[in-house]
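Listing of start_9.cif, mmCIF, C-alpha atoms
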```
data_start
loop_
_atom_site.label_atom_id
_atom_site.label_comp_id
_atom_site.auth_asym_id
_atom_site.auth_seq_id
_atom_site.Cartn_x
_atom_site.Cartn_y
_atom_site.Cartn_z
CA MET A 221 -4.31 23.50 -15.21
CA GLU A 222 -5.15 21.31 -12.24
CA SER A 223 -6.91 18.88 -14.54
CA ILE A 224 -3.80 18.48 -16.66
CA ALA A 225 -1.69 17.85 -13.56
CA PHE A 226 -4.27 15.34 -12.35
CA VAL A 227 -4.22 13.46 -15.64
CA ILE A 228 -0.43 13.35 -15.73
CA LEU A 229 -0.11 12.26 -12.11
CA SER A 230 -2.78 9.61 -12.37
CA ALA A 231 -1.28 8.25 -15.59
CA LEU A 232 2.11 8.06 -13.86
CA THR A 233 0.60 6.33 -10.84
CA LEU A 234 -1.33 3.75 -12.84
CA ALA A 235 1.53 3.05 -15.25
CA CYS A 236 3.97 2.49 -12.41
CA ALA A 237 1.47 0.29 -10.57
CA LEU A 238 1.19 -1.81 -13.73
CA GLY A 239 4.97 -1.87 -13.82
CA VAL A 240 5.02 -3.38 -10.33
CA VAL A 241 2.52 -6.05 -11.33
CA LEU A 242 3.90 -6.91 -14.75
CA GLY A 243 7.62 -6.37 -14.31
CA LYS A 244 9.67 -9.52 -14.13
CA ASN A 245 12.41 -8.18 -11.94
CA ALA A 246 11.71 -7.42 -8.28
CA VAL A 247 14.17 -4.51 -8.24
CA ASN A 248 12.37 -2.86 -11.14
CA GLY A 249 9.15 -3.50 -9.26
CA ALA A 250 10.44 -1.68 -6.20
CA MET A 251 11.57 1.25 -8.34
CA CYS A 252 8.17 1.36 -10.03
CA MET A 253 6.56 1.36 -6.62
CA LEU A 254 8.68 4.34 -5.63
CA LEU A 255 7.50 6.26 -8.70
CA CYS A 256 3.93 5.21 -8.03
CA LEU A 257 4.19 6.56 -4.49
CA ALA A 258 5.61 9.79 -5.87
CA GLY A 259 2.52 10.02 -8.08
CA ILE A 260 0.25 9.44 -5.08
CA ALA A 261 2.16 12.11 -3.17
CA GLY A 262 1.61 14.50 -6.08
CA LEU A 263 -2.11 13.76 -5.93
CA PHE A 264 -2.01 14.45 -2.19
CA VAL A 265 -0.43 17.81 -2.92
CA GLN A 266 -3.22 18.51 -5.38
CA LEU A 267 -5.71 17.66 -2.65
CA ARG A 268 -3.85 20.10 -0.40
CA ALA A 269 -2.65 17.43 2.00
CA PHE A 270 0.90 18.69 1.95
CA LEU A 271 2.00 17.15 5.19
CA LEU A 272 0.65 13.75 4.17
CA ALA A 273 2.53 13.94 0.89
CA PHE A 274 5.70 14.68 2.79
CA VAL A 275 5.13 11.85 5.26
CA LEU A 276 4.27 9.47 2.44
CA ILE A 277 7.54 10.19 0.67
CA LEU A 278 9.46 10.04 3.93
CA VAL A 279 7.97 6.81 5.29
CA TYR A 280 7.31 4.93 2.09
CA GLY A 281 9.99 6.24 -0.20
CA GLY A 282 12.61 6.52 2.47
CA ALA A 283 11.94 3.51 4.65
CA VAL A 284 9.62 0.99 3.06
CA VAL A 285 11.03 0.91 -0.47
CA MET A 286 14.55 0.89 0.91
CA LEU A 287 13.63 -2.08 3.07
CA PHE A 288 12.17 -3.85 0.06
CA LEU A 289 15.30 -3.22 -1.99
CA PHE A 290 17.45 -4.42 0.86
CA ILE A 291 15.51 -7.66 1.16
CA VAL A 292 15.55 -8.17 -2.60
CA MET A 293 19.31 -7.77 -2.44
CA LEU A 294 19.56 -10.14 0.50
CA LEU A 295 17.53 -12.95 -0.98
CA ASP A 296 18.61 -14.45 -4.22
CA MET A 297 15.51 -15.33 -6.19
CA GLN A 298 16.29 -15.69 -9.82
CA GLY A 299 14.60 -17.96 -12.26
CA GLY A 300 11.15 -19.39 -12.48
CA GLN A 301 8.00 -18.08 -14.00
CA PRO A 302 6.99 -14.80 -12.34
CA TRP A 303 3.27 -15.23 -12.93
CA ARG A 304 0.85 -18.02 -12.25
CA PHE A 305 -2.43 -18.54 -14.04
CA ARG A 306 -4.40 -21.31 -12.50
CA ARG A 307 -8.13 -21.66 -12.46
CA ALA A 308 -8.50 -20.01 -9.04
CA GLN A 309 -6.56 -16.97 -10.19
CA VAL A 310 -8.50 -16.59 -13.42
CA VAL A 311 -11.86 -16.96 -11.67
CA GLY A 312 -10.83 -14.51 -8.95
CA THR A 313 -9.64 -11.99 -11.51
CA LEU A 314 -12.82 -12.23 -13.55
CA VAL A 315 -15.15 -11.99 -10.55
CA SER A 316 -13.36 -9.01 -9.06
CA ALA A 317 -13.14 -7.27 -12.43
CA ALA A 318 -16.89 -7.74 -12.90
CA LEU A 319 -17.59 -6.38 -9.40
CA LEU A 320 -15.31 -3.42 -10.02
CA ILE A 321 -16.94 -2.59 -13.34
CA CYS A 322 -20.42 -2.83 -11.80
CA GLY A 323 -19.39 -0.57 -8.93
CA LEU A 324 -17.78 2.06 -11.12
CA ASN A 325 -20.74 1.95 -13.49
CA LEU A 326 -23.14 2.57 -10.62
CA LEU A 327 -20.89 5.34 -9.36
CA THR A 328 -20.84 7.19 -12.66
CA VAL A 329 -24.47 6.57 -13.64
CA ARG A 330 -26.32 7.20 -10.42
CA GLY A 331 -23.66 8.12 -7.91
CA ARG A 332 -24.65 10.87 -5.49
CA LEU A 333 -21.30 11.67 -4.08
CA PRO A 334 -21.01 15.04 -2.39
CA SER A 335 -20.90 17.81 -4.92
CA PRO A 336 -17.36 18.98 -5.41
CA VAL A 337 -16.57 21.50 -2.74
CA PRO A 338 -13.43 23.18 -3.95
CA PRO A 339 -10.87 22.58 -1.23
CA ALA A 340 -10.51 25.62 0.95
CA ALA A 341 -7.24 27.45 0.62
CA GLY A 342 -5.96 27.16 4.19
CA VAL A 343 -7.19 23.64 4.83
CA GLY A 344 -4.75 20.80 5.16
CA SER A 345 -1.60 22.78 5.37
CA SER A 346 -1.14 23.25 9.10
CA LEU A 347 1.00 20.89 11.08
CA SER A 348 -0.44 22.26 14.32
CA TYR A 349 -3.90 21.09 13.31
CA TYR A 350 -2.68 17.52 12.93
CA ALA A 351 -0.81 17.68 16.20
CA TYR A 352 -3.81 19.10 18.02
CA GLN A 353 -6.13 16.44 16.64
CA LEU A 354 -3.71 13.63 17.38
CA PHE A 355 -3.37 14.65 21.00
CA THR A 356 -7.01 15.49 21.70
CA THR A 357 -9.63 13.70 19.62
CA TYR A 358 -7.45 10.81 18.53
CA MET A 359 -5.50 10.36 21.74
CA LEU A 360 -6.46 6.72 22.26
CA PRO A 361 -5.70 5.59 18.67
CA THR A 362 -2.36 7.37 18.88
CA GLN A 363 -1.40 5.48 22.01
CA VAL A 364 -2.64 2.20 20.55
CA ILE A 365 -0.54 2.85 17.45
CA GLY A 366 2.45 3.52 19.67
CA PHE A 367 1.99 0.17 21.36
CA LEU A 368 1.54 -1.45 17.97
CA LEU A 369 4.87 -0.05 16.81
CA LEU A 370 6.55 -1.29 19.97
CA ILE A 371 5.07 -4.76 19.54
CA ALA A 372 6.08 -4.81 15.87
CA MET A 373 9.62 -3.86 16.81
CA LEU A 374 9.83 -6.62 19.41
CA GLY A 375 8.28 -9.06 16.96
CA VAL A 376 10.85 -8.25 14.31
CA ILE A 377 13.68 -8.72 16.79
CA VAL A 378 12.30 -12.09 17.87
CA LEU A 379 11.69 -13.16 14.27
CA SER A 380 15.10 -12.22 13.02
CA ARG A 381 17.01 -14.02 15.73
CA ARG A 382 18.52 -17.20 14.54
CA HIS A 383 16.62 -19.93 16.31
CA ARG A 384 18.68 -22.78 17.47
CA ASP A 385 17.17 -26.10 16.68
CA PRO A 386 16.37 -27.83 20.02
CA ALA A 387 17.41 -31.16 18.49
CA ASP A 388 20.96 -29.86 17.95
CA SER A 389 21.80 -28.78 21.46
CA MET B 267 -11.22 23.42 -13.26
CA THR B 268 -10.48 20.98 -10.48
CA PRO B 269 -10.91 17.26 -10.97
CA SER B 270 -14.12 15.90 -9.51
CA LEU B 271 -14.48 13.48 -6.64
CA ASN B 272 -15.57 10.81 -9.11
CA ALA B 273 -12.22 11.05 -10.86
CA TYR B 274 -10.36 10.46 -7.60
CA VAL B 275 -12.60 7.55 -6.64
CA ILE B 276 -12.22 5.92 -10.06
CA LEU B 277 -8.46 6.40 -9.93
CA SER B 278 -8.18 4.84 -6.50
CA ALA B 279 -10.44 1.96 -7.56
CA ALA B 280 -8.21 1.34 -10.56
CA LEU B 281 -5.10 1.44 -8.40
CA PHE B 282 -6.67 -0.97 -5.92
CA ALA B 283 -7.66 -3.29 -8.78
CA ILE B 284 -4.12 -3.30 -10.16
CA GLY B 285 -2.76 -4.14 -6.73
CA PHE B 286 -5.29 -6.92 -6.29
CA LEU B 287 -4.40 -8.32 -9.70
CA GLY B 288 -0.79 -8.40 -8.63
CA VAL B 289 -1.67 -10.23 -5.42
CA LEU B 290 -3.61 -12.77 -7.46
CA ILE B 291 -1.21 -13.52 -10.26
CA ARG B 292 2.31 -12.99 -8.96
CA ARG B 293 4.35 -15.85 -7.53
CA ASN B 294 7.01 -13.93 -5.68
CA THR B 295 6.06 -13.14 -2.08
CA LEU B 296 7.98 -9.86 -2.10
CA VAL B 297 6.15 -8.60 -5.16
CA ILE B 298 2.85 -9.67 -3.59
CA TYR B 299 3.83 -7.54 -0.62
CA MET B 300 4.53 -4.55 -2.86
CA CYS B 301 1.12 -4.99 -4.44
CA LEU B 302 -0.44 -4.98 -0.95
CA GLU B 303 1.26 -1.65 -0.38
CA LEU B 304 -0.23 -0.36 -3.62
CA MET B 305 -3.69 -1.34 -2.37
CA LEU B 306 -3.05 0.55 0.86
CA GLY B 307 -1.99 3.57 -1.17
CA ALA B 308 -5.23 3.41 -3.14
CA ALA B 309 -7.21 3.37 0.12
CA THR B 310 -5.33 6.38 1.47
CA LEU B 311 -5.92 8.28 -1.75
CA ALA B 312 -9.67 7.64 -1.51
CA LEU B 313 -9.69 8.68 2.16
CA VAL B 314 -7.92 11.95 1.50
CA ALA B 315 -10.13 12.73 -1.49
CA PHE B 316 -13.35 12.04 0.42
CA SER B 317 -12.29 14.02 3.44
CA ARG B 318 -11.19 16.96 1.31
CA PHE B 319 -14.37 17.05 -0.73
CA ASN B 320 -16.44 16.84 2.45
CA GLY B 321 -14.57 19.76 3.91
CA THR B 322 -13.18 17.86 6.88
CA GLU B 323 -9.73 16.68 7.85
CA ASP B 324 -10.55 13.52 9.77
CA GLY B 325 -9.62 11.35 6.81
CA ASP B 326 -6.13 12.83 6.85
CA ILE B 327 -5.66 11.73 10.45
CA PHE B 328 -6.71 8.23 9.52
CA VAL B 329 -4.21 8.26 6.68
CA PHE B 330 -1.59 9.03 9.32
CA PHE B 331 -2.60 5.91 11.19
CA ILE B 332 -2.68 3.85 8.01
CA LEU B 333 0.87 4.93 7.16
CA THR B 334 2.05 3.94 10.63
CA VAL B 335 0.36 0.56 10.50
CA ALA B 336 1.72 -0.02 7.00
CA ALA B 337 5.26 0.69 8.15
CA ALA B 338 4.92 -1.74 11.07
CA GLU B 339 3.33 -4.31 8.79
CA VAL B 340 6.14 -4.08 6.26
CA ALA B 341 8.78 -4.53 8.94
CA VAL B 342 7.13 -7.62 10.41
CA GLY B 343 6.21 -9.07 7.02
CA LEU B 344 9.70 -8.71 5.61
CA ALA B 345 11.15 -10.30 8.75
CA ILE B 346 8.77 -13.23 8.25
CA ILE B 347 9.81 -13.50 4.59
CA VAL B 348 13.48 -13.55 5.53
CA ALA B 349 12.85 -16.20 8.20
CA LEU B 350 10.90 -18.22 5.63
CA PHE B 351 13.71 -17.94 3.13
CA ARG B 352 16.20 -19.13 5.73
CA LEU B 353 14.05 -22.14 6.45
CA ARG B 354 12.92 -23.15 2.97
CA GLN B 355 15.39 -21.42 0.58
CA THR B 356 12.50 -20.16 -1.51
CA ILE B 357 9.82 -17.48 -1.35
CA GLN B 358 7.74 -18.52 -4.34
CA VAL B 359 4.21 -19.01 -3.12
CA ASP B 360 3.70 -22.16 -5.19
CA GLU B 361 6.46 -23.93 -3.36
CA LEU B 362 5.30 -22.92 0.11
CA ASP B 363 2.54 -25.48 0.28
CA SER B 364 3.28 -27.47 3.44
CA LEU B 365 -0.17 -26.73 4.81
CA LYS B 366 -1.83 -28.19 1.74
CA ARG B 367 -0.42 -31.64 2.18
#
```
Output the file's structure as structure tokens, nothing else.
Amino acid sequence: MESIAFVILSALTLACALGVVLGKNAVNGAMCMLLCLAGIAGLFVQLRAFLLAFVLILVYGGAVVMLFLFIVMLLDMQGGQPWRFRRAQVVGTLVSAALLICGLNLLTVRGRLPSPVPPAAGVGSSLSYYAYQLFTTYMLPTQVIGFLLLIAMLGVIVLSRRHRDPADS
Amino acid sequence: MTPSLNAYVILSAALFAIGFLGVLIRRNTLVIYMCLELMLGAATLALVAFSRFNGTEDGDIFVFFILTVAAAEVAVGLAIIVALFRLRQTIQVDELDSLKR
């Protein structure tokens, strides 16, 4: 049962990721990305990371994809070839594909990943665990992330102001 | 029958590869950005799978941080793209080649 769900979710995720890469229209790409994120959230649920699935949908689906759609709407960018195949791209694609295939081959042939511990029933579901960890073990990263968000907010405000050309005034 | 860790790792590698392909071959900066997000999603999937199969939850906390950083990154990046579009009237990467000349 879980295997079937895994196959369906992973097929959805990969197909929608391909849709982002191969689709000509940026709006379709954003929609495909939304579906792809839904697939990832489903996989999170299967891994019993319920809260992360919720946060993923909330942050990515609610905020990030909306922002992308908004920017796509704002900027008019029709026309032109959507892909580019120059020598650098082709060489990069081939080299990374070869590396990927070698890595996956090694993984399947002689990989010694930890033997599958079936996820414990209660693990991953408690919000209080996350909160406790965030405010004890990961206190410093949490504060750093808070500063990062503040700096990002200020940066966006500065970037989106219309700069007056000093030559004009 | 639960899917094995190998299946999750292979899936996330494939997702990362698709995102990387998009970064390589697309011309539109916005779509390149979406593909970057896909690569981040692949990394989070691998983190959650590894932490779950190891019986810990530390990976989940890191995924929290990754989501936060990704949100901040998207906000700043899209602001840069909009500023770029205001300045140059285009966001196709081929035409943004001032540094090459």
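You can rank A:Gln363, A:Gln301, A:Gln353, A:Thr233 by their closest distance to Asn294 in chain B using only C-alpha atoms, and at the top of that list sits A:Gln301.
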(message) Expand the PyMOL selection byres ((chain B) within 8 of (chain A)) into the explicit residue set it covers here, and present it as a PyMOL selection string.
(response) chain B and resi 267-272+276-277+279-281+283-285+287-288+290-294+296-297+300-301+304+307+311+314-315+318-321+323+326-327+329-331+333-335+337-342+344-346+348-349+351+356-357
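Proximity of B:Ala312, B:Gly325, B:Val359, B:Ala336 to Ile298 in chain B, computed with all atoms listed in the file, is greatest for B:Val359.
For the atom pair formed by CA of Leu314 in chain A and CA of Ala308 in chain B, the distance is 20.3 Å, given to one decimal.
Counting all atoms listed in the file, the residue from A:Met251, A:Val315, A:Val265, A:Val329 that sits nearest to Phe286 in chain B is A:Val315.
The gap separating CA of Val311 in chain A from CA of Met305 in chain B is 19.9 Å, in Å to one decimal.
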(message) Using only C-alpha atoms, can you tell me which of A:Leu229, A:Val364, A:Phe270, A:Ser348 comes closest to Ala258 in chain A?
(response) A:Leu229
Please define a box with edges along x, y and z of the file around all atoms of range 309-312 of chain B given in the file, extend it by 8 Å on each side, and return its centre and edge lengths in Å to one decimal, as lines of an AutoDock Vina configuration file.
```
center_x = -7.5
center_y = 5.8
center_z = -0.1
size_x = 20.3
size_y = 20.9
size_z = 19.2
```
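The space between CA of Gln358 in chain B and CA of Met293 in chain A spans 15.9 Å.
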